[in-house]
2 protein chains.
Amino acid sequence: MVQKKIDTESKPRGRPRAYDPQTALRRATDTFWRAGYSATSLDEIAAATGMNRPSLYAAFGDKHALYLEALAAYWQMSLAATREALAGDHPLDQALMRAYEAALSIYFSDDSSPRGCFVIGTAVTEALEDVEIRNSLAAGFRAMDADFEARFRIAREKGELKADADPAALAMLASATMQTIAIRARAGVPRAELRALARNAVTVICGQRAGAI
Amino acid sequence: MVQKKIDTESKPRGRPRAYDPQTALRRATDTFWRAGYSATSLDEIAAATGMNRPSLYAAFGDKHALYLEALAAYWQMSLAATREALAGDHPLDQALMRAYEAALSIYFSDDSSPRGCFVIGTAVTEALEDVEIRNSLAAGFRAMDADFEARFRIAREKGELKADADPAALAMLASATMQTIAIRARAGVPRAELRALARNAVTVICGQRAGAI
DNA sequence: TGAATTTTGTACCACTTCGAATAAATATAT
DNA sequence: ATATATTTATTCGAAGTGGTACAAAATTCA
């Protein structure tokens with residue numbers, strides 16, 4: 001007699017859905033990811049999700065709303081991955097490398113071919129003429145900067161960085177490194193090369209070799 | 001009686017062109033710049049250039065060929081600007097800031113609104129499914145990396161950097177900084193903020209404050 | 001069993017897209 | 001003048017676009 005949760009147990013009235021909204025959104029994301037927002041047609045998304053267009057509209061609204069939902073979900077997943085990589089008590093350089101490795105496994109998550117970052121690969125182009133996408137971009141970058149900066153602040157307190165190190169400046173460089181990896185992945189640079197790039201960047205950022213006179 | 005140059009003086013046979021290919025290409029570039037490759041129609045380009053579609057075809061070939069030409073011209077202009085900024089005998093930090101200032105004045109060259117980098121804003125999206133664009137991207141990035149690296153090598157020889165500084169690693173970071181500026185400009189970050197970002201990055205890259213213990 | 005409800009699938013619509021075919025216009029050469 | 005050469009302008013067409021209307025299908029409730 002215990003009603004487990006409201007509406008979790010009781011089946012809805014009409015014809016049941018033939019798709020799972022979660023996986024449908026993931027498939028739609030994959031489709032946008034390859035060709036970008038404008039070059040992706042609703043027919044392609046319908047084919048990828050196995051839904052037909054009216055079902056897409058019922059589930060997500062129009063193409064724009066669907067893309068925004070995909071973008072938001074990607075940010076959430078992506079930022080969580082970075083945050084989790086930076087968490088824990090690893091040394092600074094290892095924590096940074098964990099973040100870049102996490103990013104790389106997203107950028108190379110497609111078996112057939114590397115595709116870089118969904119945000120960099122699809123949202124940046126649209127940002128100029130689309131306020132909502134532009135705002136999502138700005139907010140996401142701020143969040144990533146903040147995550148890096150928090151870690152650098154901890155590092156400075158722990159003595160991993162000199163007392164006069166600038167966490168915000170280092171965070172920008174860490175984000176920039178993330179972005180250049182995303183871009184270069186889409187330009188065809190192989191994963192191993194990007195990993196080496198990340199290692200070099202980490203070395204400089206941590207100040208172990210960045211030589212001034 | 002002196003024939004100045006072959007075919008420079010002698011007018012061609014038929015109806016003269018109503019457009020200047022140079023400015024037409026520039027206008028087409030501006031159009032792609034705003035909305036990207038896929039979202040820009042030939043009609044919009046025709047309107048922007050004042051040409052009609054058949055004339056566009058006669059002059060540049062199809063949409064794809066036109067875009068490739070615009071992309072090549074942009075790379076040439078953009079790389080020349082960076083190279084010129086890095087040339088001369090300015091101190092390293094000033095030379096780098098000159099490069100970023102040059103980039104900023106390109107990214108903010110439109111009076112109405114900032115638009116970031118043409119490459120980052122339009123080519124990265126298409127790179128995945130378009131080999132020629134992808135190759136152009138890869139080559140352009142290599143060229144920019146090489147330009148920065150050459151300057152860092154000189155800096156090391158001149159004693160502006162420590163003897164064990166890694167010019168290639170620093171060049172990647174310098175390129176990454178350029179790219180993050182390009183991306184953030186398109187995301188709406190104001191110019192002054194990007195200039196400050198560049199200054200911070202230069203400070204770290206030059207090793208004046210990048211503090212390790 | 002039959003009514004109610006929700007989703008699916010087909011078909012359709014108005015519009016845009018790229019590309020080309022064809023005719024008109026404008027110049028030079030003879 | 002007339003022929004020739006080249007560009008411009010109009011028009012067309014076939015395919016694709018996002019979005020919607022509507023009937024068929026599949027389920028629950030009474």
# chains A, B, ... in the order shown; residues from 1 in each chain; ligands from 1
call {"tool": "residues_around", "arguments": {"residues": "segment 130-142 of chain B", "least_positions_apart": "5", "cutoff": "9 Å", "atoms": "only C-alpha atoms (C1' of nucleotides)", "output": "MDAnalysis selection string"}}
result
(chainID A and resid 184 186:189) or (chainID B and resid 68 71:72 75:76 79 119 123:124 147 175)
call {"tool": "write_last_selection", "arguments": {"atoms": "N, CA and C atoms", "output": "PDB file, in the first residue's frame"}}
result
ATOM      1  N   ARG A 184      42.353  21.940 -31.312  1.00  0.00           N
ATOM      2  CA  ARG A 184      43.304  21.145 -32.081  1.00  0.00           C
ATOM      3  C   ARG A 184      42.804  19.724 -32.292  1.00  0.00           C
ATOM      4  N   ARG A 186      39.796  18.913 -32.891  1.00  0.00           N
ATOM      5  CA  ARG A 186      38.890  19.003 -34.035  1.00  0.00           C
ATOM      6  C   ARG A 186      39.650  19.249 -35.327  1.00  0.00           C
ATOM      7  N   ALA A 187      40.846  19.800 -35.190  1.00  0.00           N
ATOM      8  CA  ALA A 187      41.666  20.037 -36.381  1.00  0.00           C
ATOM      9  C   ALA A 187      42.480  18.809 -36.763  1.00  0.00           C
ATOM     10  N   GLY A 188      42.313  17.728 -36.002  1.00  0.00           N
ATOM     11  CA  GLY A 188      42.934  16.480 -36.410  1.00  0.00           C
ATOM     12  C   GLY A 188      44.213  16.115 -35.678  1.00  0.00           C
ATOM     13  N   VAL A 189      44.625  16.913 -34.714  1.00  0.00           N
ATOM     14  CA  VAL A 189      45.849  16.590 -33.975  1.00  0.00           C
ATOM     15  C   VAL A 189      45.613  15.343 -33.125  1.00  0.00           C
TER      16      VAL A 189
ATOM     17  N   LEU B  68      36.777  28.689 -48.979  1.00  0.00           N
ATOM     18  CA  LEU B  68      38.187  28.325 -48.855  1.00  0.00           C
ATOM     19  C   LEU B  68      39.091  29.500 -49.210  1.00  0.00           C
ATOM     20  N   LEU B  71      39.036  31.878 -46.383  1.00  0.00           N
ATOM     21  CA  LEU B  71      39.813  31.340 -45.266  1.00  0.00           C
ATOM     22  C   LEU B  71      41.312  31.521 -45.505  1.00  0.00           C
ATOM     23  N   ALA B  72      41.744  31.214 -46.708  1.00  0.00           N
ATOM     24  CA  ALA B  72      43.167  31.366 -47.023  1.00  0.00           C
ATOM     25  C   ALA B  72      43.601  32.821 -46.896  1.00  0.00           C
ATOM     26  N   TRP B  75      43.889  33.758 -43.195  1.00  0.00           N
ATOM     27  CA  TRP B  75      45.102  33.218 -42.591  1.00  0.00           C
ATOM     28  C   TRP B  75      46.306  34.086 -42.954  1.00  0.00           C
ATOM     29  N   GLN B  76      46.381  34.415 -44.216  1.00  0.00           N
ATOM     30  CA  GLN B  76      47.516  35.205 -44.689  1.00  0.00           C
ATOM     31  C   GLN B  76      47.575  36.541 -43.948  1.00  0.00           C
ATOM     32  N   LEU B  79      48.183  35.864 -40.004  1.00  0.00           N
ATOM     33  CA  LEU B  79      49.544  35.441 -39.667  1.00  0.00           C
ATOM     34  C   LEU B  79      50.535  36.569 -39.910  1.00  0.00           C
ATOM     35  N   VAL B 119      38.672  32.391 -38.187  1.00  0.00           N
ATOM     36  CA  VAL B 119      39.016  30.969 -38.181  1.00  0.00           C
ATOM     37  C   VAL B 119      38.290  30.246 -37.050  1.00  0.00           C
ATOM     38  N   ALA B 123      35.671  28.152 -39.025  1.00  0.00           N
ATOM     39  CA  ALA B 123      36.331  26.967 -39.593  1.00  0.00           C
ATOM     40  C   ALA B 123      36.318  25.776 -38.643  1.00  0.00           C
ATOM     41  N   VAL B 124      36.397  26.049 -37.341  1.00  0.00           N
ATOM     42  CA  VAL B 124      36.516  24.948 -36.380  1.00  0.00           C
ATOM     43  C   VAL B 124      35.297  24.026 -36.455  1.00  0.00           C
ATOM     44  N   ASP B 147      55.762  30.695 -35.491  1.00  0.00           N
ATOM     45  CA  ASP B 147      56.115  32.108 -35.342  1.00  0.00           C
ATOM     46  C   ASP B 147      56.419  32.448 -33.889  1.00  0.00           C
ATOM     47  N   SER B 175      49.959  30.502 -28.263  1.00  0.00           N
ATOM     48  CA  SER B 175      48.870  30.245 -29.213  1.00  0.00           C
ATOM     49  C   SER B 175      47.557  30.014 -28.475  1.00  0.00           C
TER      50      SER B 175
END
call {"tool": "interface_residues", "arguments": {"of": "chain A", "to": "chain C", "cutoff": "10 Å", "atoms": "only C-alpha atoms (C1' of nucleotides)", "output": "list in words"}}
result
Pro12, Arg13, Gly14, Arg15, Pro16, Arg17, Ala18, Met51, Asn52, Arg53, Pro54, Ser55 and Ala58 of chain A
call {"tool": "interface_residues", "arguments": {"of": "chain B", "to": "chain A", "cutoff": "7 Å", "atoms": "only C-alpha atoms", "output": "MDAnalysis selection string"}}
result
chainID B and resid 34:36 38:39 115 121:122 124:129 134 137:138 159:162 164:165 169 173 176:177 179:180 183 186:187 200:201 205:213
call {"tool": "interface_residues", "arguments": {"of": "chain D", "to": "chain A", "cutoff": "6 Å", "atoms": "only C-alpha atoms (C1' of nucleotides)", "output": "list of chain:residue names"}}
result
D:DA26, D:DT27, D:DT28
call {"tool": "atom_distance", "arguments": {"atom1": "atom CA of Thr82 of chain B", "atom2": "atom CA of Ala28 of chain B"}}
result
23.1 Å
call {"tool": "atom_distance", "arguments": {"atom1": "atom CA of Arg98 of chain B", "atom2": "atom CA of Asp145 of chain A"}}
result
24.8 Å
call {"tool": "select_by_dssp", "arguments": {"residues": "segment 13-78 of chain B", "states": "alpha helix (DSSP H)", "output": "number ranges by chain"}}
result
B: 21-35, 42-49, 53-60, 63-78
